[in-house]
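With mmCIF, C-alpha atoms inside, this is data-v9.cif:
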```cif
data_entry
loop_
_atom_site.label_atom_id
_atom_site.label_comp_id
_atom_site.auth_asym_id
_atom_site.auth_seq_id
_atom_site.Cartn_x
_atom_site.Cartn_y
_atom_site.Cartn_z
CA MET A 97 0.00 0.00 0.00
CA ALA A 98 2.86 2.36 0.88
CA LEU A 99 4.50 1.34 -2.37
CA SER A 100 1.50 2.10 -4.57
CA LEU A 101 1.07 5.50 -2.89
CA LEU A 102 4.75 6.17 -3.45
CA GLN A 103 4.45 5.18 -7.10
CA SER A 104 1.45 7.42 -7.68
CA ALA A 105 3.34 10.31 -6.04
CA VAL A 106 6.38 9.72 -8.23
CA GLN A 107 4.10 9.56 -11.26
CA SER A 108 2.30 12.81 -10.34
CA ILE A 109 5.53 14.69 -9.74
CA SER A 110 7.24 13.37 -12.86
CA SER A 111 4.35 14.58 -15.01
CA LEU A 112 5.57 18.13 -14.31
CA PRO A 113 7.85 19.64 -16.96
CA GLY A 114 11.57 19.01 -16.49
CA ILE A 115 11.17 16.32 -13.82
CA GLY A 116 11.87 12.65 -14.50
CA GLU A 117 11.10 9.65 -12.32
CA ARG A 118 14.47 9.70 -10.55
CA SER A 119 14.14 13.38 -9.66
CA ALA A 120 10.56 12.75 -8.52
CA MET A 121 11.77 10.02 -6.18
CA ARG A 122 14.48 12.33 -4.82
CA ILE A 123 11.83 14.98 -4.14
CA VAL A 124 9.60 12.52 -2.27
CA LEU A 125 12.50 11.28 -0.10
CA PHE A 126 13.53 14.89 0.53
CA LEU A 127 10.03 15.81 1.72
CA LEU A 128 9.86 12.72 3.96
CA LYS A 129 13.06 13.85 5.69
CA GLN A 130 11.82 17.42 6.22
CA ASP A 131 9.29 18.77 8.68
CA PRO A 132 5.73 17.80 7.62
CA ARG A 133 4.84 21.50 7.59
CA MET A 134 7.07 21.99 4.55
CA THR A 135 4.90 19.59 2.56
CA SER A 136 1.69 21.19 3.84
CA GLN A 137 2.90 24.64 2.86
CA LEU A 138 4.00 23.45 -0.57
CA ALA A 139 0.65 21.72 -1.19
CA GLU A 140 -1.26 24.76 0.02
CA THR A 141 0.77 27.19 -2.10
CA LEU A 142 0.23 25.08 -5.22
CA GLN A 143 -3.53 25.05 -4.56
CA ARG A 144 -3.65 28.81 -3.91
CA VAL A 145 -1.67 29.61 -7.06
CA ARG A 146 -4.03 27.50 -9.16
CA THR A 147 -7.20 29.06 -7.71
CA GLU A 148 -6.08 32.68 -7.26
CA ILE A 149 -3.94 33.25 -10.34
CA ARG A 150 -5.32 33.15 -13.86
CA PHE A 151 -4.47 34.51 -17.28
CA CYS A 152 -5.54 38.10 -18.07
CA SER A 153 -8.47 37.98 -20.49
CA GLN A 154 -7.00 40.86 -22.51
CA CYS A 155 -3.25 40.27 -22.75
CA GLY A 156 -2.82 36.70 -21.47
CA ALA A 157 -0.32 37.60 -18.72
CA LEU A 158 -0.74 36.36 -15.15
CA ALA A 159 -3.54 38.12 -13.29
CA ALA A 160 -5.32 38.03 -9.94
CA GLY A 161 -8.67 38.93 -11.54
CA GLU A 162 -10.25 39.30 -14.97
CA LEU A 163 -7.56 41.78 -16.08
CA CYS A 164 -3.90 41.95 -15.02
CA GLU A 165 -2.40 44.90 -13.20
CA ILE A 166 -0.61 46.07 -16.34
CA CYS A 167 -3.78 46.19 -18.43
CA LEU A 168 -5.55 48.03 -15.56
CA ASP A 169 -2.71 50.57 -15.22
CA THR A 170 -4.02 53.79 -16.87
CA THR A 171 -0.57 55.42 -16.89
CA ARG A 172 0.63 52.91 -19.48
CA ASP A 173 0.32 53.53 -23.21
CA PRO A 174 -2.30 51.08 -24.63
CA ALA A 175 -1.13 51.84 -28.17
CA LEU A 176 2.31 50.35 -27.54
CA ILE A 177 2.00 46.57 -27.36
CA CYS A 178 4.92 44.29 -26.68
CA VAL A 179 4.22 40.77 -28.01
CA VAL A 180 5.85 37.91 -26.13
CA ALA A 181 5.64 34.11 -26.33
CA GLU A 182 4.91 33.22 -22.70
CA ALA A 183 3.52 34.85 -19.55
CA ALA A 184 6.92 34.41 -17.89
CA ASP A 185 8.44 36.75 -20.49
CA VAL A 186 6.18 39.57 -19.24
CA LEU A 187 7.67 39.19 -15.75
CA ALA A 188 11.19 39.23 -17.19
CA ILE A 189 10.61 42.42 -19.21
CA GLU A 190 8.80 44.04 -16.28
CA ARG A 191 11.85 43.39 -14.10
CA SER A 192 13.90 45.42 -16.57
CA GLY A 193 11.33 48.24 -16.26
CA ALA A 194 11.97 49.21 -19.87
CA LEU A 195 8.41 49.12 -21.21
CA ARG A 196 5.88 51.91 -20.67
CA GLY A 197 3.28 50.16 -22.86
CA GLN A 198 1.28 46.96 -22.46
CA TYR A 199 1.76 43.32 -23.43
CA HIS A 200 0.24 40.58 -25.49
CA VAL A 201 1.08 36.94 -24.77
CA LEU A 202 0.91 34.63 -27.80
CA GLY A 203 0.96 31.48 -25.68
CA GLY A 204 3.87 29.90 -27.53
CA LEU A 205 5.88 30.07 -30.74
CA LEU A 206 5.12 28.43 -34.08
CA SER A 207 6.68 24.98 -33.87
CA PRO A 208 5.23 22.29 -36.15
CA LEU A 209 7.26 19.56 -34.42
CA ASP A 210 5.61 20.39 -31.07
CA GLY A 211 2.20 20.62 -32.72
CA ILE A 212 1.95 24.40 -32.28
CA GLY A 213 0.47 25.99 -35.37
CA PRO A 214 -1.21 29.38 -36.00
CA ASP A 215 -4.47 28.17 -34.39
CA GLU A 216 -2.73 27.55 -31.05
CA LEU A 217 -1.50 31.14 -30.75
CA ARG A 218 -3.57 34.07 -29.48
CA LEU A 219 -3.57 36.08 -32.73
CA THR A 220 -7.24 37.09 -32.98
CA PRO A 221 -7.37 38.89 -29.58
CA LEU A 222 -4.29 40.88 -30.62
CA LEU A 223 -5.87 41.93 -33.93
CA GLN A 224 -9.05 42.97 -32.08
CA ARG A 225 -7.01 45.09 -29.65
CA LEU A 226 -5.17 46.75 -32.53
CA GLN A 227 -8.38 47.49 -34.45
CA GLN A 228 -9.75 49.44 -31.51
CA LEU A 229 -6.79 51.86 -31.73
CA ASP A 230 -6.36 54.72 -34.20
CA ARG A 231 -2.72 53.85 -34.61
CA ALA A 232 -0.51 51.43 -32.73
CA GLU A 233 3.04 50.23 -32.31
CA VAL A 234 3.74 46.52 -31.91
CA CYS A 235 7.13 45.44 -30.62
CA ILE A 236 7.70 41.73 -31.18
CA ALA A 237 9.87 40.39 -28.35
CA THR A 238 10.35 36.74 -29.26
CA ASN A 239 13.59 34.88 -28.62
CA PRO A 240 16.22 35.00 -31.38
CA THR A 241 15.69 31.31 -32.18
CA VAL A 242 14.40 29.76 -35.39
CA GLU A 243 10.89 29.49 -33.88
CA GLY A 244 11.06 33.06 -32.55
CA ASP A 245 12.14 34.46 -35.92
CA VAL A 246 9.54 32.49 -37.88
CA THR A 247 6.78 33.54 -35.46
CA ALA A 248 7.83 37.20 -35.68
CA ASP A 249 7.75 37.12 -39.49
CA TRP A 250 4.41 35.33 -39.52
CA LEU A 251 2.91 37.79 -37.03
CA GLN A 252 4.06 40.80 -39.02
CA ASP A 253 2.57 39.27 -42.17
CA GLN A 254 -0.76 38.50 -40.46
CA ILE A 255 -1.14 42.04 -39.08
CA ARG A 256 -0.42 43.58 -42.51
CA ARG A 257 -2.79 41.23 -44.31
CA LEU A 258 -5.71 40.91 -41.89
CA ILE A 259 -6.05 44.51 -40.63
CA PRO A 260 -4.58 46.51 -43.53
CA ASP A 261 -6.57 49.65 -42.60
CA THR A 262 -5.12 49.98 -39.09
CA PRO A 263 -1.85 51.91 -39.12
CA VAL A 264 0.48 49.66 -37.12
CA ARG A 265 4.18 50.25 -36.79
CA ILE A 266 5.89 46.90 -36.24
CA THR A 267 9.32 46.66 -34.63
CA ARG A 268 11.35 43.85 -33.12
CA ILE A 269 13.51 44.00 -30.01
CA ALA A 270 17.19 44.47 -30.75
CA HIS A 271 19.32 41.36 -30.91
CA GLY A 272 23.05 41.52 -30.46
CA ILE A 273 25.80 40.82 -28.05
CA ALA A 274 24.48 40.40 -24.51
CA THR A 275 25.81 42.80 -21.88
CA GLY A 276 28.75 41.00 -20.32
CA GLY A 277 29.22 38.91 -23.44
CA GLU A 278 32.32 39.10 -25.57
CA ILE A 279 32.63 40.11 -29.23
CA GLU A 280 35.00 37.21 -29.66
CA PHE A 281 32.12 34.74 -29.20
CA ALA A 282 29.64 36.52 -31.48
CA ASP A 283 28.73 34.50 -34.55
CA SER A 284 27.88 35.82 -38.00
CA GLN A 285 24.13 35.91 -37.19
CA THR A 286 24.69 38.34 -34.32
CA MET B 240 -0.83 40.37 -4.75
CA ALA B 241 -0.80 37.83 -7.57
CA LEU B 242 2.89 38.54 -7.98
CA SER B 243 3.81 37.90 -4.34
CA LEU B 244 1.82 34.65 -4.36
CA LEU B 245 3.60 33.65 -7.55
CA GLN B 246 6.96 34.44 -6.01
CA SER B 247 6.26 32.43 -2.88
CA ALA B 248 5.16 29.50 -5.06
CA VAL B 249 8.34 29.73 -7.13
CA GLN B 250 10.36 29.88 -3.92
CA SER B 251 8.61 26.85 -2.39
CA ILE B 252 9.03 24.75 -5.51
CA SER B 253 12.66 25.75 -6.06
CA SER B 254 13.54 24.67 -2.51
CA LEU B 255 13.04 21.07 -3.71
CA PRO B 256 16.19 19.22 -4.79
CA GLY B 257 17.13 19.59 -8.45
CA ILE B 258 14.71 22.45 -9.21
CA GLY B 259 15.90 26.00 -9.81
CA GLU B 260 13.83 29.17 -10.05
CA ARG B 261 13.39 28.94 -13.81
CA SER B 262 12.15 25.34 -13.62
CA ALA B 263 9.85 26.32 -10.75
CA MET B 264 8.33 29.09 -12.87
CA ARG B 265 7.84 26.65 -15.75
CA ILE B 266 6.05 24.26 -13.38
CA VAL B 267 3.72 27.00 -12.13
CA LEU B 268 2.84 28.12 -15.67
CA PHE B 269 2.32 24.48 -16.66
CA LEU B 270 -0.10 23.91 -13.78
CA LEU B 271 -2.00 27.12 -14.61
CA LYS B 272 -2.56 25.84 -18.14
CA GLN B 273 -3.80 22.43 -16.98
CA ASP B 274 -7.10 21.41 -15.43
CA PRO B 275 -7.30 22.62 -11.79
CA ARG B 276 -7.89 19.01 -10.73
CA MET B 277 -4.31 18.17 -11.69
CA THR B 278 -3.02 20.62 -9.09
CA SER B 279 -5.49 19.36 -6.47
CA GLN B 280 -4.43 15.78 -7.06
CA LEU B 281 -0.75 16.68 -6.90
CA ALA B 282 -1.23 18.64 -3.66
CA GLU B 283 -3.29 15.84 -2.14
CA THR B 284 -0.80 13.12 -3.13
CA LEU B 285 2.09 15.10 -1.60
CA GLN B 286 0.16 15.48 1.66
CA ARG B 287 -0.81 11.79 1.73
CA VAL B 288 2.75 10.64 1.07
CA ARG B 289 4.04 12.81 3.90
CA THR B 290 1.45 11.59 6.42
CA GLU B 291 1.14 7.94 5.42
CA ILE B 292 4.72 7.00 4.57
CA ARG B 293 7.51 7.02 7.11
CA PHE B 294 10.90 5.39 7.63
CA CYS B 295 10.96 1.85 9.08
CA SER B 296 12.19 2.05 12.68
CA GLN B 297 14.36 -1.03 12.18
CA CYS B 298 15.95 -0.77 8.74
CA GLY B 299 15.22 2.82 7.69
CA ALA B 300 13.45 1.91 4.43
CA LEU B 301 10.07 3.39 3.48
CA ALA B 302 7.20 1.97 5.51
CA ALA B 303 3.47 2.38 5.97
CA GLY B 304 3.70 1.66 9.71
CA GLU B 305 6.32 1.20 12.43
CA LEU B 306 8.10 -1.52 10.44
CA CYS B 307 8.39 -1.92 6.68
CA GLU B 308 6.98 -4.88 4.74
CA ILE B 309 10.43 -6.37 4.26
CA CYS B 310 11.25 -6.37 8.00
CA LEU B 311 7.82 -7.88 8.70
CA ASP B 312 8.29 -10.63 6.08
CA THR B 313 9.10 -13.80 8.03
CA THR B 314 10.20 -15.69 4.93
CA ARG B 315 13.25 -13.45 4.59
CA ASP B 316 16.56 -14.25 6.24
CA PRO B 317 17.17 -11.72 9.06
CA ALA B 318 20.83 -12.76 9.29
CA LEU B 319 21.56 -11.51 5.76
CA ILE B 320 21.59 -7.71 5.81
CA CYS B 321 22.17 -5.61 2.72
CA VAL B 322 23.47 -2.15 3.68
CA VAL B 323 22.52 0.70 1.32
CA ALA B 324 22.93 4.47 1.40
CA GLU B 325 19.35 5.63 0.77
CA ALA B 326 15.80 4.29 1.02
CA ALA B 327 15.49 4.57 -2.78
CA ASP B 328 18.27 1.97 -3.15
CA VAL B 329 16.08 -0.57 -1.36
CA LEU B 330 13.38 -0.12 -4.00
CA ALA B 331 15.96 -0.51 -6.78
CA ILE B 332 17.37 -3.76 -5.34
CA GLU B 333 13.87 -5.07 -4.63
CA ARG B 334 12.97 -4.51 -8.28
CA SER B 335 15.82 -6.85 -9.21
CA GLY B 336 14.40 -9.43 -6.79
CA ALA B 337 17.90 -10.69 -6.05
CA LEU B 338 17.93 -10.37 -2.24
CA ARG B 339 16.32 -12.91 0.07
CA GLY B 340 17.57 -11.11 3.19
CA GLN B 341 16.73 -7.75 4.75
CA TYR B 342 18.10 -4.22 4.46
CA HIS B 343 19.72 -1.50 6.48
CA VAL B 344 19.63 2.10 5.24
CA LEU B 345 22.60 4.21 6.37
CA GLY B 346 20.90 7.47 5.42
CA GLY B 347 23.79 8.74 3.28
CA LEU B 348 27.47 8.22 2.56
CA LEU B 349 30.46 9.71 4.38
CA SER B 350 31.09 13.04 2.69
CA PRO B 351 32.92 15.69 4.71
CA LEU B 352 32.26 18.37 2.07
CA ASP B 353 28.50 17.85 2.45
CA GLY B 354 28.79 17.79 6.25
CA ILE B 355 27.99 14.07 6.50
CA GLY B 356 30.22 12.41 9.09
CA PRO B 357 29.92 9.11 11.02
CA ASP B 358 27.39 10.68 13.42
CA GLU B 359 24.94 11.36 10.59
CA LEU B 360 24.79 7.70 9.52
CA ARG B 361 22.64 5.02 11.16
CA LEU B 362 25.51 2.84 12.39
CA THR B 363 24.38 2.08 15.97
CA PRO B 364 21.00 0.52 14.98
CA LEU B 365 22.90 -1.76 12.55
CA LEU B 366 25.34 -2.89 15.26
CA GLN B 367 22.41 -3.56 17.61
CA ARG B 368 20.68 -5.68 14.96
CA LEU B 369 23.89 -7.66 14.37
CA GLN B 370 24.50 -8.25 18.08
CA GLN B 371 21.11 -9.94 18.40
CA LEU B 372 22.16 -12.55 15.86
CA ASP B 373 24.39 -15.57 16.44
CA ARG B 374 26.12 -15.02 13.17
CA ALA B 375 25.36 -12.67 10.31
CA GLU B 376 26.28 -11.71 6.78
CA VAL B 377 26.47 -8.06 5.81
CA CYS B 378 26.55 -7.15 2.11
CA ILE B 379 27.57 -3.55 1.59
CA ALA B 380 25.80 -2.21 -1.50
CA THR B 381 27.11 1.34 -1.80
CA ASN B 382 27.81 2.98 -5.15
CA PRO B 383 31.31 2.50 -6.60
CA THR B 384 32.16 6.17 -6.01
CA VAL B 385 34.84 7.62 -3.72
CA GLU B 386 32.21 8.24 -1.01
CA GLY B 387 30.74 4.76 -1.48
CA ASP B 388 34.13 3.08 -1.21
CA VAL B 389 35.21 5.12 1.83
CA THR B 390 31.90 4.42 3.58
CA ALA B 391 32.16 0.68 2.86
CA ASP B 392 35.72 0.54 4.29
CA TRP B 393 34.69 2.59 7.33
CA LEU B 394 31.65 0.40 7.96
CA GLN B 395 33.67 -2.81 7.75
CA ASP B 396 36.21 -1.35 10.18
CA GLN B 397 33.51 -0.23 12.65
CA ILE B 398 31.80 -3.63 12.68
CA ARG B 399 35.12 -5.43 13.31
CA ARG B 400 36.18 -3.01 16.08
CA LEU B 401 32.91 -2.33 17.90
CA ILE B 402 31.33 -5.80 17.95
CA PRO B 403 34.39 -8.10 17.72
CA ASP B 404 32.58 -11.02 19.38
CA THR B 405 29.77 -11.23 16.82
CA PRO B 406 30.78 -13.41 13.85
CA VAL B 407 29.92 -11.22 10.86
CA ARG B 408 30.87 -12.08 7.30
CA ILE B 409 31.24 -8.86 5.36
CA THR B 410 30.95 -8.76 1.55
CA ARG B 411 30.48 -6.06 -1.02
CA ILE B 412 28.32 -6.15 -4.15
CA ALA B 413 30.27 -6.96 -7.29
CA HIS B 414 31.42 -4.02 -9.37
CA GLY B 415 32.28 -4.42 -12.99
CA ILE B 416 31.05 -3.85 -16.47
CA ALA B 417 27.33 -3.13 -16.49
CA THR B 418 25.14 -5.47 -18.53
CA GLY B 419 24.84 -3.84 -21.92
CA GLY B 420 28.09 -1.97 -21.37
CA GLU B 421 31.16 -2.57 -23.49
CA ILE B 422 34.57 -3.81 -22.43
CA GLU B 423 36.06 -1.18 -24.68
CA PHE B 424 34.84 1.55 -22.35
CA ALA B 425 35.93 -0.10 -19.09
CA ASP B 426 38.65 1.85 -17.27
CA SER B 427 41.46 0.41 -15.18
CA GLN B 428 39.37 0.65 -11.98
CA THR B 429 36.70 -1.65 -13.36
#
```

In structure tokens, how does this file's structure come out?
Amino acid sequence: MALSLLQSAVQSISSLPGIGERSAMRIVLFLLKQDPRMTSQLAETLQRVRTEIRFCSQCGALAAGELCEICLDTTRDPALICVVAEAADVLAIERSGALRGQYHVLGGLLSPLDGIGPDELRLTPLLQRLQQLDRAEVCIATNPTVEGDVTADWLQDQIRRLIPDTPVRITRIAHGIATGGEIEFADSQT
Amino acid sequence: MALSLLQSAVQSISSLPGIGERSAMRIVLFLLKQDPRMTSQLAETLQRVRTEIRFCSQCGALAAGELCEICLDTTRDPALICVVAEAADVLAIERSGALRGQYHVLGGLLSPLDGIGPDELRLTPLLQRLQQLDRAEVCIATNPTVEGDVTADWLQDQIRRLIPDTPVRITRIAHGIATGGEIEFADSQT
């Protein structure tokens, strides 16, 4: 009985991204050696996160209510929209404090091998937001990977084709040598 | 508010072994995208594991009650004790089905850099078990690493010195080329 409970725990934990069965077993043994309150707190926090945090219905970032704090912030420019792949990217850019506009989370990058096509990405809500503006600027902040580049090109094309009457200026975040990086290691792409 | 809850969740998850802050964030976002029942089940399983599974008071393996199923199994030879580092090793050896004796979990390996000295290992309960037997066989099944070898030598020495009157035959599991491995890749140690 203890063994089947253990196995179902290992199975539950290893269904999380980035955790295999061996790591799951290590986590279970770790929790068994710690104070039971650690496990209670972890379980409670997971439950609270799942019930209290959701995705903003406008931009797709993490939110406590219907809209996220950024979309509710009236001091931010709604005509400047930074498009990112995942909700975690919003947090990263917010930490830098560089954006005075708002965000739009696509929910992924085009990746046929992972089964992510145009229908899986949140394109329509973005087009609807843009159409409500007289003029807008979209800054595409996808990673400089193959998927990021392809998605950026596709997005630019879709905006031009599907809402041709809305004046949208499309830019992409600068890519180059990271601060602290060395020119020596830059490849021809950079 | 959503942000502080998110941060405390990331912190809780990244306190588990083998999970950093980035992986913790990925796990949170993954759970938010899944059915809420997945999170409930995970939280519940963690709680159940922590309350229903404990360490066997005799051998230190995982148990549902005071003693584990292996220590309670009267068909097993109590005079043949396989010494392992961690409770997970018991499960691995049991899967092989090769042992007809019982186990003793040391709770780690000697490792001064990690702060694990002789006092951190469950030596005394092992000596007490051995003293209750007329004669015994101890098979030391530690990994063939520096820590595993040092711990095996130390354990053998302690048994000989501290309970000299108990006839104990000490062996170590065979180390060599793993099944499926190739002789070509064997080093001089093997």

Margin query: Taking all atoms listed in the file into account, find every residue of chain A that has an atom no more than 9 Å from chain B, and write it out as a PyMOL selection string.
Written below: chain A and resi 97-99+101-102+104-105+108-109+112-115+119+121-129+132+134-151+158-161+182-184

Next item on the list: Kindly give the distance, in Å, that separates atom CA of A:Gln198 and atom CA of B:Ser243, rounded to a single decimal.
Entry: 20.4 Å

Check: atom CA of A:Cys178 to atom CA of A:Gly197: how many Å, to one decimal?
Finding: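 Here the two named atoms are 7.2 Å from each other.
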
Next item on the list: Write out as a PyMOL selection string the residues lying within 6 Å of stretch 224-240 of chain A, counting only C-alpha atoms and excluding same-chain residues fewer than 2 positions away.
Entry: chain A and resi 175-180+221-222+244+263-269

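When the distance limit is 12 Å and all atoms listed in the file are what count, the residues near B:Gly356, minus those fewer than 3 positions from it on the same chain, are Leu345, Gly346, Gly347, Leu348, Leu349, Ser350, Pro351, Leu352, Asp353, Glu359, Leu360, Arg361, Leu362, Glu386, Val389, Thr390 and Trp393 of chain B.
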
Next item on the list: Excluding A:Thr220 and any residue of its chain fewer than 6 positions from it, enumerate the residues within 12 Å of it, using all atoms listed in the file, and give them as a PyMOL selection string.
Entry: chain A and resi 154-155+200-202+214+226-227+251+254-255+258-259

Notebook entry, point to check: Interatomic distance between atom CA of B:Ile355 and atom CA of B:Ser335?
Noted result: 28.9 Å

Determine the axis-aligned bounding box of all atoms of stretch 326-335 of chain B present in the file, pad each side by 5 Å, and express its centre and edge lengths in Å to one decimal place as lines of an AutoDock Vina configuration file.
```
center_x = 15.6
center_y = -1.1
center_z = -4.1
size_x = 15.3
size_y = 21.4
size_z = 20.2
```
